[in-house]
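Chemist: Dropping in coords09.pdb, which is PDB, C-alpha atoms:
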```pdb
ATOM      1  CA  MET A 274      41.582 -27.718  27.623
ATOM      2  CA  SER A 275      42.582 -28.304  24.026
ATOM      3  CA  GLU A 276      39.940 -28.143  21.355
ATOM      4  CA  LYS A 277      39.895 -31.874  20.912
ATOM      5  CA  GLN A 278      39.456 -32.355  24.609
ATOM      6  CA  GLN A 279      36.453 -30.090  24.411
ATOM      7  CA  ASN A 280      35.088 -32.203  21.599
ATOM      8  CA  ALA A 281      35.510 -35.297  23.737
ATOM      9  CA  THR A 282      33.689 -33.498  26.557
ATOM     10  CA  VAL A 283      30.931 -32.406  24.209
ATOM     11  CA  THR A 284      30.466 -35.959  23.011
ATOM     12  CA  THR A 285      30.011 -37.339  26.467
ATOM     13  CA  SER A 286      28.489 -34.649  28.580
ATOM     14  CA  GLU A 287      26.190 -32.888  26.199
ATOM     15  CA  ARG A 288      23.196 -34.865  25.091
ATOM     16  CA  ALA A 289      21.723 -32.421  22.620
ATOM     17  CA  PHE A 290      22.523 -29.907  19.998
ATOM     18  CA  MET A 291      20.398 -26.984  19.023
ATOM     19  CA  MET A 292      19.911 -25.196  15.777
ATOM     20  CA  GLU A 293      17.990 -22.000  15.238
ATOM     21  CA  ARG A 294      17.053 -20.296  12.021
ATOM     22  CA  VAL A 295      14.718 -17.509  11.053
ATOM     23  CA  PHE A 296      12.575 -18.180   8.006
ATOM     24  CA  ASP A 297      10.930 -15.378   6.099
ATOM     25  CA  ALA A 298       7.485 -16.940   6.199
ATOM     26  CA  PRO A 299       4.459 -16.871   8.503
ATOM     27  CA  ARG A 300       4.409 -19.321  11.373
ATOM     28  CA  GLU A 301       1.387 -21.283  10.170
ATOM     29  CA  LEU A 302       3.103 -21.986   6.877
ATOM     30  CA  VAL A 303       6.361 -23.036   8.467
ATOM     31  CA  PHE A 304       4.479 -25.299  10.857
ATOM     32  CA  ASP A 305       2.651 -26.815   7.875
ATOM     33  CA  ALA A 306       6.004 -27.410   6.186
ATOM     34  CA  PHE A 307       6.937 -29.689   9.079
ATOM     35  CA  SER A 308       3.628 -31.506   9.192
ATOM     36  CA  LYS A 309       2.377 -32.166   5.654
ATOM     37  CA  ALA A 310       3.720 -34.650   3.132
ATOM     38  CA  GLU A 311       3.152 -32.242   0.237
ATOM     39  CA  HIS A 312       5.677 -29.874   1.843
ATOM     40  CA  LEU A 313       8.047 -32.319   3.519
ATOM     41  CA  LYS A 314       8.952 -34.032   0.282
ATOM     42  CA  HIS A 315      10.459 -30.734  -0.910
ATOM     43  CA  TRP A 316      12.954 -30.330   1.880
ATOM     44  CA  TRP A 317      13.312 -33.246   4.266
ATOM     45  CA  GLY A 318      16.760 -34.481   3.352
ATOM     46  CA  PRO A 319      20.077 -33.324   1.922
ATOM     47  CA  LYS A 320      20.264 -31.448  -1.369
ATOM     48  CA  ASP A 321      19.070 -33.467  -4.354
ATOM     49  CA  TRP A 322      17.825 -36.342  -2.233
ATOM     50  CA  THR A 323      14.182 -37.262  -2.754
ATOM     51  CA  LEU A 324      11.499 -38.461  -0.382
ATOM     52  CA  PRO A 325       9.698 -41.167  -2.372
ATOM     53  CA  VAL A 326       7.834 -42.433   0.690
ATOM     54  CA  CYS A 327       6.233 -40.048   3.153
ATOM     55  CA  THR A 328       3.333 -41.486   5.088
ATOM     56  CA  ILE A 329       2.387 -39.141   7.871
ATOM     57  CA  ASP A 330      -0.187 -39.402  10.630
ATOM     58  CA  PHE A 331       0.297 -36.054  12.284
ATOM     59  CA  ARG A 332      -1.080 -36.367  15.813
ATOM     60  CA  PRO A 333       0.292 -37.325  19.238
ATOM     61  CA  GLY A 334       1.129 -41.018  19.070
ATOM     62  CA  GLY A 335       0.930 -40.874  15.290
ATOM     63  CA  VAL A 336       3.660 -42.180  13.049
ATOM     64  CA  TRP A 337       5.552 -40.710  10.149
ATOM     65  CA  HIS A 338       7.252 -43.279   7.964
ATOM     66  CA  TYR A 339       9.591 -41.942   5.314
ATOM     67  CA  CYS A 340      12.350 -42.828   2.914
ATOM     68  CA  MET A 341      15.169 -40.516   1.866
ATOM     69  CA  LYS A 342      16.660 -41.607  -1.454
ATOM     70  CA  SER A 343      20.073 -40.618  -2.783
ATOM     71  CA  PRO A 344      20.377 -38.578  -6.012
ATOM     72  CA  ASP A 345      21.712 -41.570  -7.990
ATOM     73  CA  GLY A 346      18.852 -43.660  -6.639
ATOM     74  CA  GLN A 347      21.166 -46.266  -5.175
ATOM     75  CA  TYR A 348      20.749 -45.630  -1.469
ATOM     76  CA  GLU A 349      17.719 -45.438   0.728
ATOM     77  CA  ALA A 350      17.585 -44.211   4.308
ATOM     78  CA  TRP A 351      14.320 -45.155   5.993
ATOM     79  CA  GLY A 352      13.130 -43.284   9.046
ATOM     80  CA  LYS A 353      10.223 -43.521  11.398
ATOM     81  CA  ALA A 354       9.147 -40.700  13.651
ATOM     82  CA  VAL A 355       6.638 -41.068  16.446
ATOM     83  CA  TYR A 356       5.009 -37.863  17.615
ATOM     84  CA  GLN A 357       4.945 -37.270  21.360
ATOM     85  CA  GLU A 358       3.479 -33.799  21.537
ATOM     86  CA  ILE A 359       1.936 -31.415  19.038
ATOM     87  CA  VAL A 360       0.887 -27.870  19.872
ATOM     88  CA  ARG A 361      -0.150 -26.058  16.732
ATOM     89  CA  PRO A 362       1.477 -23.754  15.613
ATOM     90  CA  GLU A 363       4.090 -23.689  18.418
ATOM     91  CA  ARG A 364       5.752 -27.001  19.005
ATOM     92  CA  ILE A 365       6.359 -30.512  17.732
ATOM     93  CA  VAL A 366       8.099 -33.182  19.792
ATOM     94  CA  TYR A 367       8.927 -36.544  18.264
ATOM     95  CA  THR A 368      11.263 -39.499  18.506
ATOM     96  CA  ASP A 369      13.101 -40.351  15.297
ATOM     97  CA  TYR A 370      14.243 -43.896  14.589
ATOM     98  CA  PHE A 371      16.133 -45.750  11.889
ATOM     99  CA  SER A 372      13.648 -47.935  10.077
ATOM    100  CA  ASP A 373      13.128 -50.060   6.976
ATOM    101  CA  ALA A 374      10.589 -50.381   4.162
ATOM    102  CA  GLU A 375       8.244 -52.364   6.404
ATOM    103  CA  GLY A 376       8.315 -49.706   9.115
ATOM    104  CA  ASN A 377      10.246 -51.773  11.635
ATOM    105  CA  ILE A 378      12.290 -49.846  14.151
ATOM    106  CA  ASN A 379      15.948 -50.762  14.181
ATOM    107  CA  GLU A 380      16.671 -51.095  17.898
ATOM    108  CA  ASP A 381      20.398 -51.454  17.278
ATOM    109  CA  LEU A 382      20.774 -47.973  15.854
ATOM    110  CA  PRO A 383      20.616 -44.581  17.587
ATOM    111  CA  GLN A 384      17.347 -42.785  18.077
ATOM    112  CA  THR A 385      16.970 -39.079  18.635
ATOM    113  CA  VAL A 386      14.327 -37.017  20.355
ATOM    114  CA  GLY A 387      13.580 -33.863  18.405
ATOM    115  CA  THR A 388      11.819 -30.785  19.742
ATOM    116  CA  VAL A 389      10.924 -28.122  17.219
ATOM    117  CA  GLU A 390       9.624 -24.761  18.425
ATOM    118  CA  PHE A 391       8.089 -22.154  16.137
ATOM    119  CA  ILE A 392       8.408 -18.575  17.350
ATOM    120  CA  GLU A 393       6.660 -15.718  15.609
ATOM    121  CA  GLN A 394       8.938 -12.779  14.997
ATOM    122  CA  GLY A 395       7.388  -9.815  13.200
ATOM    123  CA  GLY A 396       5.874 -11.793  10.367
ATOM    124  CA  LYS A 397       8.825 -14.149  10.218
ATOM    125  CA  THR A 398       9.294 -17.409  12.046
ATOM    126  CA  LYS A 399      12.186 -18.535  14.174
ATOM    127  CA  VAL A 400      12.519 -22.301  14.231
ATOM    128  CA  ALA A 401      14.446 -23.627  17.229
ATOM    129  CA  MET A 402      15.308 -27.273  16.747
ATOM    130  CA  ARG A 403      16.752 -29.296  19.571
ATOM    131  CA  ALA A 404      17.904 -32.832  18.936
ATOM    132  CA  GLU A 405      18.864 -35.018  21.808
ATOM    133  CA  TYR A 406      21.723 -37.192  20.787
ATOM    134  CA  PRO A 407      21.517 -40.877  21.078
ATOM    135  CA  THR A 408      22.355 -42.084  24.512
ATOM    136  CA  HIS A 409      25.930 -43.011  25.082
ATOM    137  CA  GLU A 410      24.877 -46.626  24.995
ATOM    138  CA  ASP A 411      23.421 -46.037  21.527
ATOM    139  CA  LEU A 412      26.602 -44.367  20.369
ATOM    140  CA  GLN A 413      28.584 -47.267  21.712
ATOM    141  CA  LYS A 414      26.463 -49.642  19.652
ATOM    142  CA  VAL A 415      27.280 -47.622  16.563
ATOM    143  CA  LEU A 416      30.948 -47.706  17.349
ATOM    144  CA  ASP A 417      30.888 -51.388  18.105
ATOM    145  CA  MET A 418      30.011 -51.785  14.467
ATOM    146  CA  GLY A 419      26.710 -53.410  15.155
ATOM    147  CA  MET A 420      25.507 -51.411  12.188
ATOM    148  CA  GLU A 421      24.365 -53.510   9.306
ATOM    149  CA  GLU A 422      26.601 -52.932   6.333
ATOM    150  CA  GLY A 423      23.778 -51.489   4.249
ATOM    151  CA  ILE A 424      22.829 -48.889   6.828
ATOM    152  CA  ARG A 425      26.455 -47.978   7.418
ATOM    153  CA  GLN A 426      26.955 -47.518   3.670
ATOM    154  CA  THR A 427      23.897 -45.339   3.486
ATOM    155  CA  TRP A 428      25.068 -43.272   6.380
ATOM    156  CA  ASP A 429      28.550 -42.928   4.851
ATOM    157  CA  ARG A 430      26.975 -41.862   1.570
ATOM    158  CA  LEU A 431      24.872 -39.293   3.373
ATOM    159  CA  ALA A 432      27.910 -37.956   5.171
ATOM    160  CA  ALA A 433      29.995 -37.831   2.004
ATOM    161  CA  HIS A 434      27.227 -36.052   0.121
ATOM    162  CA  LEU A 435      26.887 -33.486   2.886
ATOM    163  CA  ALA A 436      30.641 -32.980   3.065
ATOM    164  CA  LYS A 437      30.687 -32.206  -0.653
ATOM    165  CA  GLN A 438      27.984 -29.597  -0.281
ATOM    166  CA  THR A 439      29.399 -27.823   2.727
ATOM    167  CA  GLY A 440      32.989 -28.219   1.447
TER     168      GLY A 440
ATOM    169  CA  MET B 170      32.176 -57.357  23.025
ATOM    170  CA  ARG B 171      33.447 -54.322  24.826
ATOM    171  CA  MET B 172      32.535 -54.330  28.500
ATOM    172  CA  VAL B 173      33.466 -50.728  29.155
ATOM    173  CA  THR B 174      31.847 -48.082  27.046
ATOM    174  CA  ILE B 175      33.522 -44.885  25.951
ATOM    175  CA  TYR B 176      31.030 -43.054  28.112
ATOM    176  CA  ASP B 177      32.155 -44.966  31.186
ATOM    177  CA  ALA B 178      35.748 -44.274  30.309
ATOM    178  CA  LEU B 179      35.277 -40.536  29.830
ATOM    179  CA  THR B 180      33.097 -39.696  32.808
ATOM    180  CA  ALA B 181      36.075 -39.512  35.162
ATOM    181  CA  PRO B 182      37.945 -36.196  34.790
ATOM    182  CA  ILE B 183      41.246 -37.873  35.570
ATOM    183  CA  ARG B 184      40.810 -40.197  32.621
ATOM    184  CA  ARG B 185      40.128 -37.248  30.354
ATOM    185  CA  GLN B 186      43.341 -35.729  31.685
ATOM    186  CA  ILE B 187      45.198 -38.926  30.852
ATOM    187  CA  LEU B 188      43.836 -38.796  27.295
ATOM    188  CA  ASP B 189      44.915 -35.176  27.033
ATOM    189  CA  LEU B 190      48.447 -36.142  28.006
ATOM    190  CA  LEU B 191      48.490 -39.089  25.605
ATOM    191  CA  ARG B 192      47.243 -36.837  22.865
ATOM    192  CA  GLU B 193      50.550 -35.020  23.095
ATOM    193  CA  LYS B 194      52.642 -38.199  22.915
ATOM    194  CA  PRO B 195      52.824 -41.792  24.164
ATOM    195  CA  ARG B 196      53.807 -42.058  27.823
ATOM    196  CA  LEU B 197      54.954 -44.442  30.515
ATOM    197  CA  VAL B 198      52.912 -45.165  33.604
ATOM    198  CA  GLY B 199      55.453 -43.528  35.891
ATOM    199  CA  GLU B 200      55.420 -40.372  33.809
ATOM    200  CA  LEU B 201      51.636 -40.162  33.976
ATOM    201  CA  ALA B 202      51.671 -40.755  37.723
ATOM    202  CA  ASP B 203      54.153 -37.897  38.212
ATOM    203  CA  LEU B 204      52.273 -35.472  35.992
ATOM    204  CA  LEU B 205      48.910 -36.237  37.538
ATOM    205  CA  GLU B 206      50.290 -36.543  41.062
ATOM    206  CA  ILE B 207      48.682 -39.871  41.822
ATOM    207  CA  SER B 208      50.121 -43.309  42.508
ATOM    208  CA  GLN B 209      51.218 -45.679  39.774
ATOM    209  CA  PRO B 210      48.633 -48.315  40.737
ATOM    210  CA  GLY B 211      46.065 -45.539  40.555
ATOM    211  CA  VAL B 212      47.126 -44.616  37.028
ATOM    212  CA  SER B 213      47.210 -48.266  35.984
ATOM    213  CA  LYS B 214      43.653 -48.724  37.131
ATOM    214  CA  HIS B 215      42.486 -45.835  34.953
ATOM    215  CA  LEU B 216      44.576 -46.988  32.010
ATOM    216  CA  ARG B 217      42.932 -50.391  32.226
ATOM    217  CA  VAL B 218      39.498 -48.774  31.911
ATOM    218  CA  LEU B 219      40.669 -46.727  28.939
ATOM    219  CA  ARG B 220      42.095 -49.831  27.268
ATOM    220  CA  GLU B 221      38.885 -51.759  27.763
ATOM    221  CA  ALA B 222      37.010 -48.899  26.147
ATOM    222  CA  GLY B 223      39.330 -49.085  23.160
ATOM    223  CA  LEU B 224      40.655 -45.584  23.699
ATOM    224  CA  VAL B 225      44.221 -46.498  24.572
ATOM    225  CA  ASP B 226      46.779 -49.049  23.349
ATOM    226  CA  VAL B 227      49.922 -50.304  25.038
ATOM    227  CA  ARG B 228      53.141 -50.906  23.193
ATOM    228  CA  GLN B 229      55.959 -52.934  24.687
ATOM    229  CA  ASP B 230      59.458 -51.601  24.008
ATOM    230  CA  ALA B 231      62.164 -53.727  25.710
ATOM    231  CA  GLN B 232      61.397 -53.264  29.409
ATOM    232  CA  ARG B 233      58.996 -50.382  29.008
ATOM    233  CA  ARG B 234      55.326 -50.158  28.301
ATOM    234  CA  TRP B 235      54.216 -47.123  26.361
ATOM    235  CA  TYR B 236      50.603 -46.065  26.494
ATOM    236  CA  GLU B 237      49.252 -44.362  23.411
ATOM    237  CA  LEU B 238      45.989 -42.893  22.274
ATOM    238  CA  ARG B 239      43.675 -44.613  19.808
ATOM    239  CA  PRO B 240      41.875 -41.668  18.226
ATOM    240  CA  GLU B 241      39.519 -43.738  16.067
ATOM    241  CA  PRO B 242      36.642 -44.254  18.529
ATOM    242  CA  LEU B 243      36.365 -40.584  19.416
ATOM    243  CA  ALA B 244      36.832 -39.531  15.803
ATOM    244  CA  GLU B 245      34.045 -41.857  14.724
ATOM    245  CA  ALA B 246      31.657 -40.574  17.350
ATOM    246  CA  HIS B 247      32.501 -37.033  16.414
ATOM    247  CA  ALA B 248      32.044 -37.760  12.710
ATOM    248  CA  TRP B 249      28.618 -39.243  13.318
ATOM    249  CA  LEU B 250      27.451 -36.237  15.291
ATOM    250  CA  ASP B 251      28.923 -33.885  12.697
ATOM    251  CA  SER B 252      27.008 -35.672   9.960
ATOM    252  CA  TYR B 253      23.836 -35.340  11.924
ATOM    253  CA  ARG B 254      24.388 -31.627  12.402
ATOM    254  CA  HIS B 255      25.143 -31.176   8.696
ATOM    255  CA  LEU B 256      22.010 -33.105   7.818
ATOM    256  CA  TRP B 257      19.917 -30.587   9.694
ATOM    257  CA  GLU B 258      21.748 -27.646   8.136
ATOM    258  CA  ALA B 259      21.051 -29.107   4.699
ATOM    259  CA  ARG B 260      17.394 -29.554   5.535
ATOM    260  CA  PHE B 261      17.072 -25.987   6.784
ATOM    261  CA  ASP B 262      18.727 -24.670   3.602
ATOM    262  CA  ARG B 263      16.177 -26.502   1.492
ATOM    263  CA  LEU B 264      13.305 -25.425   3.715
ATOM    264  CA  ASP B 265      14.359 -21.805   3.296
ATOM    265  CA  SER B 266      14.398 -22.047  -0.511
ATOM    266  CA  TYR B 267      11.158 -23.976  -0.551
ATOM    267  CA  LEU B 268       9.290 -21.465   1.622
ATOM    268  CA  GLN B 269      10.437 -18.637  -0.648
ATOM    269  CA  ALA B 270       9.304 -20.478  -3.758
ATOM    270  CA  LEU B 271       5.987 -21.373  -2.176
ATOM    271  CA  GLN B 272       5.188 -17.810  -1.178
ATOM    272  CA  GLU B 273       6.197 -16.425  -4.576
ATOM    273  CA  GLN B 274       3.881 -18.902  -6.215
ATOM    274  CA  GLU B 275       1.026 -17.848  -3.924
ATOM    275  CA  LYS B 276       1.600 -14.220  -4.880
ATOM    276  CA  GLU B 277       1.475 -15.105  -8.574
ATOM    277  CA  ASN B 278      -1.760 -16.995  -8.056
ATOM    278  CA  GLU B 279      -3.473 -14.029  -6.462
TER     279      GLU B 279
END
```
So that I can check it, write out the structure of this file as structure tokens.
Modeler:
Amino acid sequence: MSEKQQNATVTTSERAFMMERVFDAPRELVFDAFSKAEHLKHWWGPKDWTLPVCTIDFRPGGVWHYCMKSPDGQYEAWGKAVYQEIVRPERIVYTDYFSDAEGNINEDLPQTVGTVEFIEQGGKTKVAMRAEYPTHEDLQKVLDMGMEEGIRQTWDRLAAHLAKQTG
Amino acid sequence: MRMVTIYDALTAPIRRQILDLLREKPRLVGELADLLEISQPGVSKHLRVLREAGLVDVRQDAQRRWYELRPEPLAEAHAWLDSYRHLWEARFDRLDSYLQALQEQEKENE
């Protein structure tokens, strides 16, 4: 199969991608970094983006409402995460939605289910993040251009900013 | 409103094979039927699904109908997923730097 064919297969048959990274920090601290506003605002977003809103209720069923703001201040990407499962300091499972300033969930846009595992490794911490892609129906909605222009612009800005960084 | 989603269109291996062949160049129905060793009506049925999903276009040229790939839908889906992956890489980069800075500060405060 050609590479592109594989990409097409990946898009349709795989529902998740995984990312692992080892951080040179104790597990408790890394877990805190994922669960406290004071830490999240320093890293939750692309380079130079800020997190001007970060309201977090860190417990199963609790909600985290946040806003990622672009470096020039022009674009805002609002998100809302609902925690499904929390096992300190091992695991966090949540569903991440597109949102707005009022905290409404945008049902027309894709949602992802994230599972973050924290594994202690000789004083360091391996973080294994698994994100389940939107369902194919969600992806179809995106492609059908049901995206509001503002959200699409924000997403394009995000993508362009990331492309610049990773070159 | 599209009735057939890309997912529907791509679940059948034979349709993925058709896309593979169209990726190389536009083709006629008869050509596809020969290459895939199925009947022409069979190919037409699959091509109809692919058209409804927006993955394939047909171009009339005198008596012949050429089927060609529309790469935009797949490219868009791929771009979205790529962006999402890059978003997480960017976050992890920042987390790494932040954790280092945090721990250095704690050491200084001791």
Chemist: Could you give me, as a Markdown table, a per-residue list for chain B showing, wherever an atom lies at most 6 Å from an atom of chain A, the closest pair of atoms and their distance in Å to one decimal, using all atoms listed in the file and sorting by chain then residue number from low to high?
Modeler:
```
| residue | atom | partner | partner_atom | distance |
| --- | --- | --- | --- | --- |
| B:Tyr176 | CA | A:His409 | CA | 5.9 |
| B:Ser252 | CA | A:Ala432 | CA | 5.4 |
| B:Ala259 | CA | A:Pro319 | CA | 5.1 |
| B:Arg260 | CA | A:Gly318 | CA | 5.4 |
| B:Arg263 | CA | A:Trp316 | CA | 5.0 |
| B:Leu264 | CA | A:Trp316 | CA | 5.2 |
```
Chemist: Identify all residues satisfying the PyMOL selection byres ((chain B and resi 198-207) around 12) in the given file; provide them as a compact mmCIF listing (two decimals) with C-alpha atoms, in the frame of the given file.
Modeler:
```txt
# COMPACT_ATOMS: atom_id res chain seq x y z
CA PRO B 182 37.94 -36.20 34.79
CA ILE B 183 41.25 -37.87 35.57
CA ARG B 184 40.81 -40.20 32.62
CA ARG B 185 40.13 -37.25 30.35
CA GLN B 186 43.34 -35.73 31.68
CA ILE B 187 45.20 -38.93 30.85
CA LEU B 188 43.84 -38.80 27.30
CA ASP B 189 44.92 -35.18 27.03
CA LEU B 190 48.45 -36.14 28.01
CA LEU B 191 48.49 -39.09 25.60
CA LYS B 194 52.64 -38.20 22.92
CA PRO B 195 52.82 -41.79 24.16
CA ARG B 196 53.81 -42.06 27.82
CA LEU B 197 54.95 -44.44 30.52
CA SER B 208 50.12 -43.31 42.51
CA GLN B 209 51.22 -45.68 39.77
CA PRO B 210 48.63 -48.32 40.74
CA GLY B 211 46.06 -45.54 40.56
CA VAL B 212 47.13 -44.62 37.03
CA SER B 213 47.21 -48.27 35.98
CA LYS B 214 43.65 -48.72 37.13
CA HIS B 215 42.49 -45.84 34.95
CA LEU B 216 44.58 -46.99 32.01
CA ARG B 217 42.93 -50.39 32.23
CA VAL B 227 49.92 -50.30 25.04
CA ARG B 228 53.14 -50.91 23.19
CA ARG B 233 59.00 -50.38 29.01
CA ARG B 234 55.33 -50.16 28.30
CA TRP B 235 54.22 -47.12 26.36
CA TYR B 236 50.60 -46.06 26.49
CA GLU B 237 49.25 -44.36 23.41
```
Chemist: Residues near Pro333 in chain A, anyone? I mean within 9 Å using all atoms listed in the file, not counting same-chain ones fewer than 3 positions away, as a ChimeraX atom specification.
Modeler: /A:330,336,355-359,366-367
Chemist: Can I get the selection written as a PDB file, in the frame of the given file, with C-alpha atoms?
Modeler:
```pdb
ATOM      1  CA  ASP A 330      -0.187 -39.402  10.630  1.00  0.00           C
ATOM      2  CA  VAL A 336       3.660 -42.180  13.049  1.00  0.00           C
ATOM      3  CA  VAL A 355       6.638 -41.068  16.446  1.00  0.00           C
ATOM      4  CA  TYR A 356       5.009 -37.863  17.615  1.00  0.00           C
ATOM      5  CA  GLN A 357       4.945 -37.270  21.360  1.00  0.00           C
ATOM      6  CA  GLU A 358       3.479 -33.799  21.537  1.00  0.00           C
ATOM      7  CA  ILE A 359       1.936 -31.415  19.038  1.00  0.00           C
ATOM      8  CA  VAL A 366       8.099 -33.182  19.792  1.00  0.00           C
ATOM      9  CA  TYR A 367       8.927 -36.544  18.264  1.00  0.00           C
TER      10      TYR A 367
END
```
